[in-house]
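Working notes for the structure below.
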Amino acid sequence: MLARAHDPDAWRTLLATAVTDSAELLRRLELSQHPLAATLQPGPSFPVRVPEPYLACMRRGDPEDPLLRQVLALADEAHPVPGFSTDPLGEAGQNPLPGLLHKYRGRALLIAAGGCAVHCRYCFRRHFPYGENNPGRRGLEAALGYLAAHPDIREVILSGGDPLMLDDEALGWLVQRLEQIPHLTRLRIHTRFPVVIPQRLTPQLVALLAGTRLRSVVVLHVNHARELGTGVTAAVLPLRQAGIPLFNQAVLLKGVNDDLATLIDLCEQSFDAGIQPYYLHLLDRVAGAAHFEVPVAEARRLYEDLASGLPGYLLPRLVRERAGAPGKVVLAPRWEAL
Ligand code: SF4
């Protein structure tokens with residue numbers, strides 16, 4: 001059942017009614033009889049979660065649908081692959097307090113919520129111990145104390161899980177507390193929630209992000225232009241009108257967006273929606289996601305073609321994360337020697 005778009009609680013209904021079973025997903029897409037049904041993973045440890053607006057953008061009868069591929073739990077996930085680990089970025093060692101990651105200079109990441117509106121099978125935090133890192137208000141107080149005691153931190157990144165799993169009231173409390181830390185100047189929200197449930201961008205949420213003294217920045221996560229068909233383009237309009245910068249980070253995924261035409265479409269259509277292409281990530285080598293990996297050499301070739309096919313302002317940076325590195329590693333196209 002789809003909730004009414006103007007209902008401020010519509011997103012809760014859509015979250016609660018998300019599809020949580022791969023077989024059900026295939027049934028809804030008229031693929032129950034397809035050989036794909038024999039490749040599913042029963043009872044995956046990282047459960048399936050697919051909200052209706054996202055499901056509505058998938059093509060019926062298409063086993064290669066790039067949206068379906070991102071959320072379908074395949075038996076392949078359970079096969080160990082050398083080089084793929086449960087903590088590919090070594091985050092366990094950069095976790096000074098539950099719910100707080102201080103990896104980069106000047107920025108700290110707060111895990112404000114331990115869940116997501118959609119479960120992306122390639123997620124690098126699919127094994128992250130959210131149970132130990134879902135601090136609640138008391139734990140957040142400790143994290144706020146850490147932020148207050150580190151004047152070099154200028155920017156707080158709310159991530160997760162997905163920070164928009166917090167409701168507007170809880171988010172409002174957190175933003176108000178962050179505002180009281182004088183050295184903080186920016187608030188960045190990393191979220192995929194509005195892409196899969198655009199109704200999450202309530203007027204209250206927009207007012208919160210537009211009204212804080214902190215400079216708000218929203219980084220969305222769109223991997224394929226068809227994901228913009230959920231209604232997210234219209235939903236982000238009030239954010240744009242409020243002057244909040246919107247960026248997109250995508251992950252380069254085999255079978256989803258690893259061809260030139262798809263990437264060009266993604267960059268052009270994101271920009272048309274007011275979302276600036278920002279990063280194109282190589283896959284983090286997390287256990288269970290090996291079937292999504294695009295080899296580095298192939299990624300570079302694709303990126304060079306992308307650089308030729310787009311104006312510079314539409315070109316995201318090709319990056320990867322490396323455990324212990326002080327920032328993302330940029331894999332540029334070949335630079336001419338000076
Ligand atoms: S929304 Fe982001 S954090 Fe959540 S499962 Fe997907 S990639 Fe991971």
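Following the order of the structure tokens, chains are lettered A, B, ..., residues in each are numbered from 1, and ligands are numbered from 1.
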
Give as a PDB file with C-alpha atoms, in the first residue's frame the residues surrounding ligand 1 up to a distance of 6 Å, considering only C-alpha atoms and all ligand atoms.
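To be explicit, this is the file written out as result.pdb:
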ATOM      1  CA  CYS A 116      18.850   2.219   6.431  1.00  0.00           C
ATOM      2  CA  VAL A 118      17.235   0.192   1.716  1.00  0.00           C
ATOM      3  CA  HIS A 119      19.846  -2.517   2.092  1.00  0.00           C
ATOM      4  CA  CYS A 120      22.408  -2.204  -0.690  1.00  0.00           C
ATOM      5  CA  CYS A 123      27.474  -1.699   1.303  1.00  0.00           C
ATOM      6  CA  ARG A 125      29.220  -1.267   6.354  1.00  0.00           C
ATOM      7  CA  GLY A 160      25.092   5.597   9.281  1.00  0.00           C
ATOM      8  CA  GLY A 161      23.273   3.625   8.564  1.00  0.00           C
ATOM      9  CA  ASP A 162      21.221   6.495   7.277  1.00  0.00           C
ATOM     10  CA  ARG A 192      20.183   7.415   0.341  1.00  0.00           C
TER      11      ARG A 192
END

Contacts of stretch 164-238 of chain A with stretch 3-27 of chain A up to 8 Å, shortest pair per row, only C-alpha atoms, as JSON lines:
{"residue": "A:Ile197", "atom": "CA", "partner": "A:Trp11", "partner_atom": "CA", "distance": 6.4}
{"residue": "A:Pro198", "atom": "CA", "partner": "A:Trp11", "partner_atom": "CA", "distance": 7.8}
{"residue": "A:Gln199", "atom": "CA", "partner": "A:Trp11", "partner_atom": "CA", "distance": 5.3}
{"residue": "A:Arg200", "atom": "CA", "partner": "A:Trp11", "partner_atom": "CA", "distance": 5.2}
{"residue": "A:Thr202", "atom": "CA", "partner": "A:Pro8", "partner_atom": "CA", "distance": 6.1}

Contact check, stretch 65-156 of chain A to stretch 268-284 of chain A, at most 9 Å, counting only C-alpha atoms, closest pairs as JSON lines:
{"residue": "A:Phe84", "atom": "CA", "partner": "A:Asp284", "partner_atom": "CA", "distance": 8.5}
{"residue": "A:Pro88", "atom": "CA", "partner": "A:Asp284", "partner_atom": "CA", "distance": 6.5}
{"residue": "A:Leu89", "atom": "CA", "partner": "A:Asp284", "partner_atom": "CA", "distance": 7.7}
{"residue": "A:Tyr122", "atom": "CA", "partner": "A:Leu283", "partner_atom": "CA", "distance": 7.5}
{"residue": "A:Cys123", "atom": "CA", "partner": "A:Asp284", "partner_atom": "CA", "distance": 8.0}
{"residue": "A:Phe124", "atom": "CA", "partner": "A:Asp284", "partner_atom": "CA", "distance": 5.8}

Could you take the residues named above and write them with N, CA and C atoms, as a compact mmCIF listing (two decimals), in the first residue's frame?
# COMPACT_ATOMS: atom_id res chain seq x y z
N PHE A 84 38.55 -9.84 0.28
CA PHE A 84 37.30 -9.19 0.71
C PHE A 84 37.07 -9.51 2.19
N PRO A 88 36.61 -3.61 5.53
CA PRO A 88 37.61 -3.29 4.51
C PRO A 88 38.31 -1.96 4.73
N LEU A 89 37.71 -1.06 5.51
CA LEU A 89 38.32 0.26 5.71
C LEU A 89 38.99 0.37 7.08
N TYR A 122 26.11 -4.15 -1.73
CA TYR A 122 27.54 -3.85 -1.84
C TYR A 122 28.02 -2.97 -0.69
N CYS A 123 27.16 -2.71 0.28
CA CYS A 123 27.47 -1.70 1.30
C CYS A 123 28.72 -2.07 2.11
N PHE A 124 29.64 -1.13 2.24
CA PHE A 124 30.89 -1.44 2.96
C PHE A 124 30.67 -1.57 4.46

Checklist entry - Where does DSSP see strand (DSSP E or B) in stretch 18-242 of chain A, if you list the residues as a PyMOL selection string? => result chain A and resi 19+40+50+74+85+97+100-101+107-111+155-159+186-191+215-220

Checklist entry - Mind pulling up the distance from atom CA of A:Ala207 to atom CA of A:Leu239? => result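 Between atom CA of A:Leu239 and atom CA of A:Ala207 the gap is 8.8 Å.
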
Checklist entry - Near A:Thr86, counting only C-alpha atoms, which residues have an atom at most 6 Å away, once you skip same-chain residues fewer than 6 positions from it, shown as an MDAnalysis selection string? => result chainID A and resid 127 286:287

Next on the checklist: List as a VMD selection string the protein and nucleic acid residues near A:His79, meaning an atom at most 12 Å away when only C-alpha atoms are counted, but skip any in the same chain fewer than 5 places from it.
Outcome noted: chain A and resid 41 74 84 to 85 286 to 291

Next on the checklist: Can you pull out every residue from stretch 19-165 of chain A that DSSP, working from the backbone, puts in helix (DSSP H, G or I), and format the result as a ChimeraX atom specification?
Outcome noted: /A:22-28,35-39,52-55,66-71,75-78,91-94,130-132,136-148,163-165

Next on the checklist: Could you list, as a count of residues only, every residue within 10 Å of A:Gly172, counting only C-alpha atoms and ignoring same-chain residues fewer than 3 positions away?
Outcome noted: 13

Mind dumping a table of every stretch 65-162 of chain A residue within 8 Å of stretch 315-333 of chain A, with the nearest atom pair and its distance in Å to one decimal, using only C-alpha atoms, sorted by chain and rising number, as CSV?
residue,atom,partner,partner_atom,distance
A:Pro88,CA,A:Ala323,CA,6.9
A:Leu89,CA,A:Ala323,CA,4.2
A:Gly90,CA,A:Ala323,CA,5.3
A:Glu91,CA,A:Ala323,CA,7.6
A:Lys103,CA,A:Pro326,CA,6.9
A:Tyr104,CA,A:Pro326,CA,5.6
A:Arg105,CA,A:Pro326,CA,7.4

Leaving out A:Leu187 and any residue of its chain fewer than 5 positions from it, which residues lie within 8 Å of it when counting only C-alpha atoms, given as a PDB file with N, CA and C atoms, in the first residue's frame?
ATOM      1  N   GLU A 155      33.565  20.251  10.728  1.00  0.00           N
ATOM      2  CA  GLU A 155      32.417  19.697  10.007  1.00  0.00           C
ATOM      3  C   GLU A 155      31.999  18.372  10.632  1.00  0.00           C
ATOM      4  N   VAL A 156      30.704  18.228  10.820  1.00  0.00           N
ATOM      5  CA  VAL A 156      30.177  16.944  11.290  1.00  0.00           C
ATOM      6  C   VAL A 156      29.415  16.300  10.151  1.00  0.00           C
ATOM      7  N   ILE A 157      29.731  15.058   9.925  1.00  0.00           N
ATOM      8  CA  ILE A 157      29.053  14.294   8.884  1.00  0.00           C
ATOM      9  C   ILE A 157      28.102  13.332   9.591  1.00  0.00           C
ATOM     10  N   LEU A 158      26.839  13.465   9.300  1.00  0.00           N
ATOM     11  CA  LEU A 158      25.883  12.504   9.848  1.00  0.00           C
ATOM     12  C   LEU A 158      25.738  11.386   8.823  1.00  0.00           C
ATOM     13  N   LEU A 214      24.449  26.231  11.071  1.00  0.00           N
ATOM     14  CA  LEU A 214      25.468  25.444  10.377  1.00  0.00           C
ATOM     15  C   LEU A 214      25.143  25.440   8.891  1.00  0.00           C
ATOM     16  N   ARG A 215      26.173  25.428   8.073  1.00  0.00           N
ATOM     17  CA  ARG A 215      25.955  25.341   6.627  1.00  0.00           C
ATOM     18  C   ARG A 215      25.622  23.889   6.306  1.00  0.00           C
ATOM     19  N   SER A 216      24.422  23.652   5.843  1.00  0.00           N
ATOM     20  CA  SER A 216      24.008  22.277   5.551  1.00  0.00           C
ATOM     21  C   SER A 216      24.417  21.867   4.145  1.00  0.00           C
ATOM     22  N   VAL A 217      24.854  20.654   4.025  1.00  0.00           N
ATOM     23  CA  VAL A 217      25.200  20.061   2.729  1.00  0.00           C
ATOM     24  C   VAL A 217      24.574  18.669   2.724  1.00  0.00           C
TER      25      VAL A 217
END

Item to check | Who sits within 9 Å of A:Pro44, only C-alpha atoms, same chain under 4 positions skipped, as a list in words | outcome: Val48, Ala73, Leu74, Ala75, Glu77 and Ala78 of chain A

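Nearest to A:Asp62 of all the residues A:Val50, A:Ala143, A:Gln33, A:Ser45 is A:Gln33, counting only C-alpha atoms.
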
Checklist entry - What separation in Å, quoted to one decimal, exists between atom CA of A:Arg240 and atom CA of A:Phe193? => result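 We find that atom CA of A:Arg240 and atom CA of A:Phe193 lie 16.9 Å from each other.
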
Checklist entry - Any idea what the distance is between atom CA of A:His224 and atom CA of A:Cys267? => result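 Separating atom CA of A:His224 from atom CA of A:Cys267 is a distance of 9.0 Å.
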
Checklist outcome for this item: Min atom-atom distance to A:Asp259 from the set A:Arg300, A:His190, A:Arg107, A:His221, counting only C-alpha atoms, belongs to A:Arg300
